$ cat entry-v3.json   # JSON, C-alpha atoms and all ligand atoms
[["chain", "number", "residue", "atom", "x", "y", "z"],
["P", 1, "MET", "CA", -30.02, -21.79, 4.40],
["P", 2, "ILE", "CA", -30.11, -18.01, 4.30],
["P", 3, "ASN", "CA", -27.00, -17.97, 6.45],
["P", 4, "LYS", "CA", -25.19, -20.25, 4.01],
["P", 5, "VAL", "CA", -26.15, -18.03, 1.07],
["P", 6, "ALA", "CA", -24.98, -14.98, 2.99],
["P", 7, "VAL", "CA", -21.65, -16.63, 3.79],
["P", 8, "LEU", "CA", -21.23, -17.66, 0.15],
["P", 9, "LEU", "CA", -21.97, -14.12, -1.01],
["P", 10, "VAL", "CA", -19.43, -12.68, 1.40],
["P", 11, "VAL", "CA", -16.83, -15.17, 0.21],
["P", 12, "LEU", "CA", -17.59, -14.35, -3.44],
["P", 13, "LEU", "CA", -17.40, -10.62, -2.78],
["P", 14, "PHE", "CA", -14.11, -11.18, -1.00],
["P", 15, "ILE", "CA", -12.71, -13.09, -3.98],
["P", 16, "ILE", "CA", -13.92, -10.41, -6.39],
["P", 17, "ALA", "CA", -12.38, -7.70, -4.20],
["P", 18, "ALA", "CA", -9.13, -9.67, -4.02],
["P", 19, "LEU", "CA", -8.96, -9.88, -7.81],
["P", 20, "ALA", "CA", -9.85, -6.25, -8.43],
["P", 21, "SER", "CA", -7.32, -3.84, -9.83],
["P", 22, "ASP", "CA", -7.33, -0.28, -11.06],
["P", 23, "PRO", "CA", -8.82, 0.42, -14.50],
["P", 24, "ASP", "CA", -6.67, 2.10, -17.14],
["P", 25, "PRO", "CA", -6.96, 5.90, -17.22],
["P", 26, "VAL", "CA", -9.11, 7.38, -19.97],
["P", 27, "MET", "CA", -7.53, 10.85, -19.83],
["P", 28, "GLY", "CA", -4.15, 12.38, -19.07],
["P", 29, "PHE", "CA", -5.03, 13.01, -15.44],
["P", 30, "CYS", "CA", -8.03, 13.57, -13.23],
["P", 31, "ILE", "CA", -7.19, 15.32, -9.99],
["P", 32, "ALA", "CA", -9.91, 14.26, -7.58],
["P", 33, "LYS", "CA", -11.98, 17.09, -6.21],
["P", 34, "SER", "CA", -11.22, 17.52, -2.53],
["P", 35, "PRO", "CA", -12.43, 16.47, -0.11],
["P", 36, "ASP", "CA", -14.84, 13.89, -1.52],
["P", 37, "ASN", "CA", -12.16, 12.13, -3.59],
["P", 38, "SER", "CA", -14.78, 10.74, -5.93],
["P", 39, "PHE", "CA", -14.01, 10.26, -9.58],
["P", 40, "SER", "CA", -15.15, 13.78, -10.37],
["P", 41, "CYS", "CA", -12.15, 15.68, -11.69],
["P", 42, "LYS", "CA", -11.00, 19.13, -10.83],
["P", 43, "ASN", "CA", -11.08, 21.46, -13.86],
["P", 44, "SER", "CA", -7.80, 20.51, -15.54],
["P", 45, "SER", "CA", -7.19, 24.10, -16.73],
["P", 46, "THR", "CA", -6.75, 25.09, -13.11],
["P", 47, "ALA", "CA", -4.20, 22.34, -12.30],
["P", 48, "THR", "CA", -0.81, 23.40, -10.93],
["P", 49, "VAL", "CA", 2.37, 21.52, -10.06],
["P", 50, "GLU", "CA", 1.13, 21.42, -6.46],
["P", 51, "ASP", "CA", -1.55, 18.96, -7.58],
["P", 52, "PHE", "CA", 1.21, 16.54, -8.64],
["P", 53, "THR", "CA", 3.46, 16.83, -5.60],
["P", 54, "TYR", "CA", 3.11, 15.68, -2.00],
["P", 55, "SER", "CA", 5.14, 16.77, 1.02],
["P", 56, "GLY", "CA", 3.51, 14.80, 3.81],
["P", 57, "ILE", "CA", 6.11, 12.06, 4.32],
["P", 58, "LYS", "CA", 9.32, 14.00, 4.94],
["P", 59, "SER", "CA", 9.49, 12.43, 8.39],
["P", 60, "PRO", "CA", 8.06, 9.29, 10.03],
["P", 61, "GLY", "CA", 4.49, 9.16, 11.29],
["P", 62, "ASN", "CA", 3.35, 8.10, 14.75],
["P", 63, "PHE", "CA", 4.84, 4.85, 15.99],
["P", 64, "LYS", "CA", 2.56, 2.07, 17.21],
["P", 65, "GLN", "CA", 3.35, -0.20, 20.13],
["P", 66, "THR", "CA", 4.94, -2.59, 17.64],
["P", 67, "GLY", "CA", 7.65, 0.01, 16.92],
["P", 68, "PHE", "CA", 6.23, 0.62, 13.46],
["P", 69, "SER", "CA", 4.93, 3.69, 11.68],
["P", 70, "SER", "CA", 3.38, 3.85, 8.22],
["P", 71, "MET", "CA", 2.17, 6.75, 6.13],
["P", 72, "ALA", "CA", 0.11, 5.76, 3.10],
["P", 73, "VAL", "CA", 0.33, 8.13, 0.15],
["P", 74, "ASN", "CA", -2.80, 7.07, -1.70],
["P", 75, "SER", "CA", -5.42, 9.01, -3.64],
["P", 76, "ASN", "CA", -7.24, 9.89, -0.40],
["P", 77, "VAL", "CA", -4.38, 12.11, 0.76],
["P", 78, "PHE", "CA", -2.86, 12.88, -2.66],
["P", 79, "PRO", "CA", -5.76, 13.60, -5.06],
["P", 80, "GLY", "CA", -3.34, 13.95, -8.01],
["P", 81, "LEU", "CA", -2.95, 10.13, -7.97],
["P", 82, "ASN", "CA", -6.60, 9.67, -8.89],
["P", 83, "THR", "CA", -7.06, 7.40, -11.96],
["P", 84, "LEU", "CA", -3.29, 6.85, -12.34],
["P", 85, "GLY", "CA", -3.19, 3.39, -10.77],
["P", 86, "VAL", "CA", -0.21, 3.94, -8.48],
["P", 87, "SER", "CA", 0.51, 4.94, -4.88],
["P", 88, "PHE", "CA", 3.08, 4.31, -2.20],
["P", 89, "VAL", "CA", 3.80, 4.14, 1.51],
["P", 90, "ARG", "CA", 6.59, 5.29, 3.79],
["P", 91, "ALA", "CA", 7.20, 2.87, 6.65],
["P", 92, "ASP", "CA", 9.58, 3.35, 9.58],
["P", 93, "PHE", "CA", 10.75, 0.78, 12.09],
["P", 94, "GLY", "CA", 12.36, 1.28, 15.48],
["P", 95, "VAL", "CA", 14.89, -1.38, 16.50],
["P", 96, "GLY", "CA", 12.89, -4.63, 16.58],
["P", 97, "GLY", "CA", 9.87, -2.84, 15.07],
["P", 98, "VAL", "CA", 7.31, -5.07, 13.33],
["P", 99, "ASN", "CA", 4.85, -4.51, 10.51],
["P", 100, "VAL", "CA", 2.40, -7.28, 11.46],
["P", 101, "PRO", "CA", 0.99, -9.67, 8.81],
["P", 102, "HIS", "CA", -1.48, -7.94, 6.47],
["P", 103, "PHE", "CA", -2.38, -7.77, 2.79],
["P", 104, "HIS", "CA", -3.52, -5.28, 0.18],
["P", 105, "PRO", "CA", -6.59, -6.56, -1.70],
["P", 106, "ARG", "CA", -6.11, -4.32, -4.74],
["P", 107, "ALA", "CA", -2.36, -4.06, -5.28],
["P", 108, "THR", "CA", 0.99, -5.74, -5.63],
["P", 109, "GLU", "CA", 3.64, -3.97, -3.55],
["P", 110, "VAL", "CA", 7.31, -3.44, -4.33],
["P", 111, "ALA", "CA", 9.19, -2.52, -1.15],
["P", 112, "PHE", "CA", 12.60, -0.80, -1.27],
["P", 113, "VAL", "CA", 14.79, -0.65, 1.84],
["P", 114, "LEU", "CA", 15.98, 2.95, 2.18],
["P", 115, "GLU", "CA", 17.74, 2.37, 5.49],
["P", 116, "GLY", "CA", 18.38, -0.59, 7.77],
["P", 117, "LYS", "CA", 17.97, -4.36, 7.70],
["P", 118, "ILE", "CA", 14.50, -5.79, 7.28],
["P", 119, "TYR", "CA", 13.42, -9.41, 7.63],
["P", 120, "SER", "CA", 10.71, -9.44, 5.03],
["P", 121, "GLY", "CA", 8.37, -12.07, 3.69],
["P", 122, "PHE", "CA", 5.02, -13.27, 2.37],
["P", 123, "VAL", "CA", 2.92, -16.42, 2.45],
["P", 124, "ASP", "CA", 1.44, -17.91, -0.73],
["P", 125, "THR", "CA", -1.93, -19.63, -1.08],
["P", 126, "ASN", "CA", -0.32, -23.02, -0.25],
["P", 127, "ASN", "CA", 1.00, -21.54, 3.02],
["P", 128, "LYS", "CA", 4.56, -21.57, 1.73],
["P", 129, "VAL", "CA", 6.64, -18.78, 3.27],
["P", 130, "PHE", "CA", 9.09, -16.74, 1.21],
["P", 131, "ALA", "CA", 11.26, -14.65, 3.53],
["P", 132, "LYS", "CA", 14.77, -13.24, 3.93],
["P", 133, "VAL", "CA", 16.68, -10.36, 5.43],
["P", 134, "LEU", "CA", 16.89, -7.41, 3.05],
["P", 135, "GLU", "CA", 19.75, -4.93, 3.30],
["P", 136, "LYS", "CA", 19.64, -1.25, 2.46],
["P", 137, "GLY", "CA", 19.06, -0.83, -1.29],
["P", 138, "GLU", "CA", 17.35, -4.19, -1.76],
["P", 139, "VAL", "CA", 13.81, -4.73, -2.98],
["P", 140, "MET", "CA", 11.10, -7.32, -2.42],
["P", 141, "VAL", "CA", 7.79, -7.78, -4.20],
["P", 142, "PHE", "CA", 4.62, -8.83, -2.37],
["P", 143, "PRO", "CA", 2.10, -10.22, -4.89],
["P", 144, "ARG", "CA", -1.40, -8.77, -4.76],
["P", 145, "GLY", "CA", -3.61, -10.15, -2.02],
["P", 146, "LEU", "CA", -0.91, -12.26, -0.32],
["P", 147, "VAL", "CA", -0.20, -11.85, 3.40],
["P", 148, "HIS", "CA", 3.18, -10.24, 4.11],
["P", 149, "PHE", "CA", 5.18, -8.93, 7.06],
["P", 150, "GLN", "CA", 8.38, -7.07, 7.89],
["P", 151, "MET", "CA", 10.63, -6.73, 10.93],
["P", 152, "ASN", "CA", 13.64, -4.56, 11.65],
["P", 153, "VAL", "CA", 16.40, -7.01, 12.58],
["P", 154, "GLY", "CA", 19.21, -4.43, 12.49],
["P", 155, "ASP", "CA", 20.59, -2.44, 15.43],
["P", 156, "ARG", "CA", 19.37, 0.92, 14.10],
["P", 157, "PRO", "CA", 16.05, 2.37, 12.91],
["P", 158, "ALA", "CA", 14.98, 1.32, 9.42],
["P", 159, "THR", "CA", 12.88, 2.84, 6.65],
["P", 160, "ILE", "CA", 11.23, 1.39, 3.59],
["P", 161, "LEU", "CA", 9.32, 2.83, 0.66],
["P", 162, "GLY", "CA", 6.56, 0.64, -0.75],
["P", 163, "SER", "CA", 5.07, 1.21, -4.21],
["P", 164, "PHE", "CA", 1.66, -0.08, -5.28],
["P", 165, "ASP", "CA", -0.03, -0.64, -8.61],
["P", 166, "SER", "CA", -3.25, 0.87, -7.30],
["P", 167, "GLN", "CA", -4.13, 4.43, -6.30],
["P", 168, "ASN", "CA", -5.77, 2.96, -3.19],
["P", 169, "PRO", "CA", -4.41, -0.53, -2.40],
["P", 170, "GLY", "CA", -6.48, -1.16, 0.72],
["P", 171, "LEU", "CA", -5.16, -2.74, 3.90],
["P", 172, "MET", "CA", -6.47, -5.87, 5.59],
["P", 173, "ARG", "CA", -5.11, -7.50, 8.71],
["P", 174, "SER", "CA", -5.00, -11.25, 8.36],
["F", 1, "LIG", "C1", -12.07, 25.52, -16.47],
["F", 1, "LIG", "O1", -11.23, 26.60, -16.16],
["F", 1, "LIG", "C2", -11.02, 27.47, -17.25],
["F", 1, "LIG", "C3", -9.94, 28.48, -16.81],
["F", 1, "LIG", "O2", -10.21, 29.01, -15.54],
["F", 1, "LIG", "C4", -12.35, 28.13, -17.62],
["F", 1, "LIG", "O3", -12.14, 29.00, -18.71],
["F", 1, "LIG", "C5", -13.33, 27.03, -17.99],
["F", 1, "LIG", "O4", -14.60, 27.59, -18.25],
["F", 1, "LIG", "C6", -13.43, 26.01, -16.88],
["F", 1, "LIG", "N1", -14.26, 24.88, -17.33],
["F", 1, "LIG", "C7", -15.28, 24.41, -16.64],
["F", 1, "LIG", "C8", -15.98, 23.21, -17.21],
["F", 1, "LIG", "O5", -15.65, 24.88, -15.56]]

$ encode --input "entry-v3.json" --output "structure tokens"
Amino acid sequence: MINKVAVLLVVLLFIIAALASDPDPVMGFCIAKSPDNSFSCKNSSTATVEDFTYSGIKSPGNFKQTGFSSMAVNSNVFPGLNTLGVSFVRADFGVGGVNVPHFHPRATEVAFVLEGKIYSGFVDTNNKVFAKVLEKGEVMVFPRGLVHFQMNVGDRPATILGSFDSQNPGLMRS
């Protein structure tokens, strides 16, 4: 009995988490105080342009065994995003590189192919797959909470930029 209640609670929490999204901002900006990144704001009189810029994704990150590298630019690494409801990710693929199936519980993602050819898709709640090869300059949207994947099917390295409607979209492997 207790086990069943616990399972139900976990499922409910999961559903609530999956439906969560960022609240609207109540002020112009609120640069999170480093390093705690809580909702306490840095004194806005001391803000500079450096609080609103980020230089950490000029080049790819470390590649995993799947030939894939991703660098999330969320409010944890870029405190200026705090309360603004947006973030993004740079992802790089070696030839044949794969971004394995995963989902973001708190955000829809719009992915733009900067370079290369990416087989890209998601699965809806009826297990229907929506997938195609995207060329450089093309965009695909992955609805919030739905499992998606990407693979470099070109003969050169590929790069995408993903944008999220959450300052901290979360990442769950399916
Ligand atoms: C914020 O910074 C300004 C300028 O340095 C200072 O005058 C003000 O007292 C500070 N406010 C708070 C709440 O610390």

$ atom_distance --input "entry-v3.json" --atom1 "atom CA of Pro169 of chain P" --atom2 "atom CA of Val49 of chain P"
24.3 Å

$ residues_near_ligand --input "entry-v3.json" --ligand "ligand LIG 1 (chain F)" --cutoff "9 Å" --atoms "all atoms listed in the file" --output "ChimeraX atom specification"
/P:42-46

$ closest_residue --input "entry-v3.json" --among "P:Asp155, P:Glu50, P:Asp165, P:Asp124" --to "Leu84 of chain P" --atoms "all atoms listed in the file"
P:Asp165

$ residues_around --input "entry-v3.json" --residues "Met172 of chain P" --least-positions-apart "3" --cutoff "12 Å" --atoms "all atoms listed in the file" --output "list of chain:residue names"
P:Phe14, P:Ala17, P:Ala18, P:Val100, P:Pro101, P:His102, P:Phe103, P:His104, P:Pro105, P:Arg106, P:Ala107, P:Arg144, P:Gly145, P:Leu146, P:Val147, P:His148, P:Pro169

$ closest_residue --input "entry-v3.json" --among "P:Phe68, P:Phe112, P:Phe52, P:Phe78" --to "Val139 of chain P" --atoms "all atoms listed in the file"
P:Phe112

$ closest_residue --input "entry-v3.json" --among "P:Tyr54, P:Val98, P:Ala47, P:Met140" --to "Ser70 of chain P" --atoms "all atoms listed in the file"
P:Val98

$ residues_around --input "entry-v3.json" --residues "Phe93 of chain P" --least-positions-apart "2" --cutoff "10 Å" --atoms "only C-alpha atoms" --output "list of chain:residue names"
P:Pro60, P:Phe63, P:Lys64, P:Thr66, P:Gly67, P:Phe68, P:Ser69, P:Ser70, P:Ala91, P:Val95, P:Gly96, P:Gly97, P:Val98, P:Asn99, P:Glu115, P:Gly116, P:Lys117, P:Ile118, P:Gln150, P:Met151, P:Asn152, P:Val153, P:Gly154, P:Arg156, P:Pro157, P:Ala158, P:Thr159, P:Ile160

$ closest_residue --input "entry-v3.json" --among "P:Asn82, P:Gly162, P:Glu138, P:Ser87" --to "Tyr119 of chain P" --atoms "all atoms listed in the file"
P:Glu138

$ residues_around --input "entry-v3.json" --residues "Gly80 of chain P" --least-positions-apart "3" --cutoff "8 Å" --atoms "all atoms listed in the file" --output "PyMOL selection string"
chain P and resi 29-32+51-53+75

$ atom_distance --input "entry-v3.json" --atom1 "atom CA of Gly56 of chain P" --atom2 "atom CA of Asn74 of chain P"
11.4 Å

$ atom_distance --input "entry-v3.json" --atom1 "atom CA of Ser59 of chain P" --atom2 "atom CA of Phe88 of chain P"
14.8 Å

$ axis_aligned_box --input "entry-v3.json" --around "segment 55-68 of chain P" --padding-each-side "5 Å" --output "lines of an AutoDock Vina configuration file"
center_x = 6.0
center_y = 7.1
center_z = 10.6
size_x = 16.9
size_y = 29.4
size_z = 29.1

$ closest_residue --input "entry-v3.json" --among "P:Val86, P:Cys41, P:Ala72, P:Val113" --to "Asp22 of chain P" --atoms "only C-alpha atoms"
P:Val86

$ closest_residue --input "entry-v3.json" --among "P:Gly28, P:Ala131, P:Glu109, P:Arg173" --to "Leu81 of chain P" --atoms "only C-alpha atoms"
P:Gly28

$ decode --input "entry-v3.json" --residues "segment 97-108 of chain P" --atoms "all heavy atoms" --output "PDB file, in the first residue's frame"
ATOM      1  N   GLY P  97      28.310  11.372 -35.180  1.00  0.00           N
ATOM      2  CA  GLY P  97      28.055  11.678 -33.766  1.00  0.00           C
ATOM      3  C   GLY P  97      26.565  11.668 -33.446  1.00  0.00           C
ATOM      4  O   GLY P  97      25.741  12.062 -34.278  1.00  0.00           O
ATOM      5  N   VAL P  98      26.229  11.220 -32.247  1.00  0.00           N
ATOM      6  CA  VAL P  98      24.823  11.063 -31.846  1.00  0.00           C
ATOM      7  C   VAL P  98      24.532  11.774 -30.526  1.00  0.00           C
ATOM      8  O   VAL P  98      25.275  11.615 -29.546  1.00  0.00           O
ATOM      9  CB  VAL P  98      24.475   9.560 -31.682  1.00  0.00           C
ATOM     10  CG1 VAL P  98      23.035   9.397 -31.186  1.00  0.00           C
ATOM     11  CG2 VAL P  98      24.671   8.816 -32.976  1.00  0.00           C
ATOM     12  N   ASN P  99      23.466  12.533 -30.506  1.00  0.00           N
ATOM     13  CA  ASN P  99      22.889  13.064 -29.276  1.00  0.00           C
ATOM     14  C   ASN P  99      21.761  12.095 -28.920  1.00  0.00           C
ATOM     15  O   ASN P  99      20.706  12.099 -29.555  1.00  0.00           O
ATOM     16  CB  ASN P  99      22.361  14.486 -29.518  1.00  0.00           C
ATOM     17  CG  ASN P  99      21.838  15.148 -28.261  1.00  0.00           C
ATOM     18  OD1 ASN P  99      21.968  14.614 -27.164  1.00  0.00           O
ATOM     19  ND2 ASN P  99      21.254  16.318 -28.427  1.00  0.00           N
ATOM     20  N   VAL P 100      22.006  11.229 -27.940  1.00  0.00           N
ATOM     21  CA  VAL P 100      21.080  10.122 -27.650  1.00  0.00           C
ATOM     22  C   VAL P 100      19.746  10.659 -27.131  1.00  0.00           C
ATOM     23  O   VAL P 100      19.674  11.786 -26.630  1.00  0.00           O
ATOM     24  CB  VAL P 100      21.707   9.130 -26.635  1.00  0.00           C
ATOM     25  CG1 VAL P 100      22.973   8.511 -27.202  1.00  0.00           C
ATOM     26  CG2 VAL P 100      21.970   9.791 -25.303  1.00  0.00           C
ATOM     27  N   PRO P 101      18.668   9.839 -27.257  1.00  0.00           N
ATOM     28  CA  PRO P 101      17.335  10.296 -26.859  1.00  0.00           C
ATOM     29  C   PRO P 101      17.296  10.848 -25.428  1.00  0.00           C
ATOM     30  O   PRO P 101      17.846  10.237 -24.502  1.00  0.00           O
ATOM     31  CB  PRO P 101      16.485   9.027 -26.991  1.00  0.00           C
ATOM     32  CG  PRO P 101      17.153   8.253 -28.070  1.00  0.00           C
ATOM     33  CD  PRO P 101      18.637   8.498 -27.858  1.00  0.00           C
ATOM     34  N   HIS P 102      16.661  12.003 -25.278  1.00  0.00           N
ATOM     35  CA  HIS P 102      16.567  12.690 -23.982  1.00  0.00           C
ATOM     36  C   HIS P 102      15.421  13.685 -24.077  1.00  0.00           C
ATOM     37  O   HIS P 102      14.884  13.907 -25.165  1.00  0.00           O
ATOM     38  CB  HIS P 102      17.877  13.436 -23.686  1.00  0.00           C
ATOM     39  CG  HIS P 102      18.157  14.548 -24.649  1.00  0.00           C
ATOM     40  ND1 HIS P 102      18.704  14.318 -25.903  1.00  0.00           N
ATOM     41  CD2 HIS P 102      17.904  15.880 -24.589  1.00  0.00           C
ATOM     42  CE1 HIS P 102      18.796  15.467 -26.546  1.00  0.00           C
ATOM     43  NE2 HIS P 102      18.312  16.435 -25.776  1.00  0.00           N
ATOM     44  N   PHE P 103      15.066  14.280 -22.955  1.00  0.00           N
ATOM     45  CA  PHE P 103      14.071  15.365 -23.007  1.00  0.00           C
ATOM     46  C   PHE P 103      14.363  16.410 -21.951  1.00  0.00           C
ATOM     47  O   PHE P 103      15.141  16.184 -21.019  1.00  0.00           O
ATOM     48  CB  PHE P 103      12.650  14.823 -22.886  1.00  0.00           C
ATOM     49  CG  PHE P 103      12.307  14.210 -21.547  1.00  0.00           C
ATOM     50  CD1 PHE P 103      11.669  14.957 -20.565  1.00  0.00           C
ATOM     51  CD2 PHE P 103      12.616  12.889 -21.283  1.00  0.00           C
ATOM     52  CE1 PHE P 103      11.337  14.389 -19.343  1.00  0.00           C
ATOM     53  CE2 PHE P 103      12.294  12.315 -20.055  1.00  0.00           C
ATOM     54  CZ  PHE P 103      11.656  13.063 -19.087  1.00  0.00           C
ATOM     55  N   HIS P 104      13.752  17.570 -22.132  1.00  0.00           N
ATOM     56  CA  HIS P 104      13.912  18.694 -21.207  1.00  0.00           C
ATOM     57  C   HIS P 104      12.571  18.918 -20.520  1.00  0.00           C
ATOM     58  O   HIS P 104      11.597  19.308 -21.176  1.00  0.00           O
ATOM     59  CB  HIS P 104      14.356  19.941 -21.969  1.00  0.00           C
ATOM     60  CG  HIS P 104      15.569  19.705 -22.812  1.00  0.00           C
ATOM     61  ND1 HIS P 104      16.825  19.554 -22.270  1.00  0.00           N
ATOM     62  CD2 HIS P 104      15.706  19.520 -24.145  1.00  0.00           C
ATOM     63  CE1 HIS P 104      17.686  19.309 -23.241  1.00  0.00           C
ATOM     64  NE2 HIS P 104      17.039  19.280 -24.385  1.00  0.00           N
ATOM     65  N   PRO P 105      12.468  18.636 -19.212  1.00  0.00           N
ATOM     66  CA  PRO P 105      11.173  18.697 -18.537  1.00  0.00           C
ATOM     67  C   PRO P 105      10.570  20.099 -18.478  1.00  0.00           C
ATOM     68  O   PRO P 105       9.359  20.235 -18.360  1.00  0.00           O
ATOM     69  CB  PRO P 105      11.473  18.172 -17.127  1.00  0.00           C
ATOM     70  CG  PRO P 105      12.947  18.249 -16.960  1.00  0.00           C
ATOM     71  CD  PRO P 105      13.538  18.138 -18.335  1.00  0.00           C
ATOM     72  N   ARG P 106      11.393  21.137 -18.582  1.00  0.00           N
ATOM     73  CA  ARG P 106      10.855  22.483 -18.370  1.00  0.00           C
ATOM     74  C   ARG P 106      10.888  23.372 -19.609  1.00  0.00           C
ATOM     75  O   ARG P 106      10.605  24.567 -19.496  1.00  0.00           O
ATOM     76  CB  ARG P 106      11.638  23.173 -17.234  1.00  0.00           C
ATOM     77  CG  ARG P 106      11.373  22.592 -15.859  1.00  0.00           C
ATOM     78  CD  ARG P 106      12.135  23.327 -14.770  1.00  0.00           C
ATOM     79  NE  ARG P 106      13.580  23.190 -14.900  1.00  0.00           N
ATOM     80  CZ  ARG P 106      14.278  22.174 -14.414  1.00  0.00           C
ATOM     81  NH1 ARG P 106      13.680  21.201 -13.769  1.00  0.00           N
ATOM     82  NH2 ARG P 106      15.587  22.116 -14.577  1.00  0.00           N
ATOM     83  N   ALA P 107      11.235  22.836 -20.775  1.00  0.00           N
ATOM     84  CA  ALA P 107      11.361  23.756 -21.912  1.00  0.00           C
ATOM     85  C   ALA P 107      11.112  23.098 -23.259  1.00  0.00           C
ATOM     86  O   ALA P 107      11.469  21.949 -23.490  1.00  0.00           O
ATOM     87  CB  ALA P 107      12.752  24.388 -21.932  1.00  0.00           C
ATOM     88  N   THR P 108      10.523  23.866 -24.151  1.00  0.00           N
ATOM     89  CA  THR P 108      10.523  23.567 -25.576  1.00  0.00           C
ATOM     90  C   THR P 108      11.861  24.031 -26.130  1.00  0.00           C
ATOM     91  O   THR P 108      12.423  25.021 -25.657  1.00  0.00           O
ATOM     92  CB  THR P 108       9.350  24.324 -26.254  1.00  0.00           C
ATOM     93  OG1 THR P 108       8.126  23.708 -25.847  1.00  0.00           O
ATOM     94  CG2 THR P 108       9.445  24.286 -27.769  1.00  0.00           C
TER      95      THR P 108
END
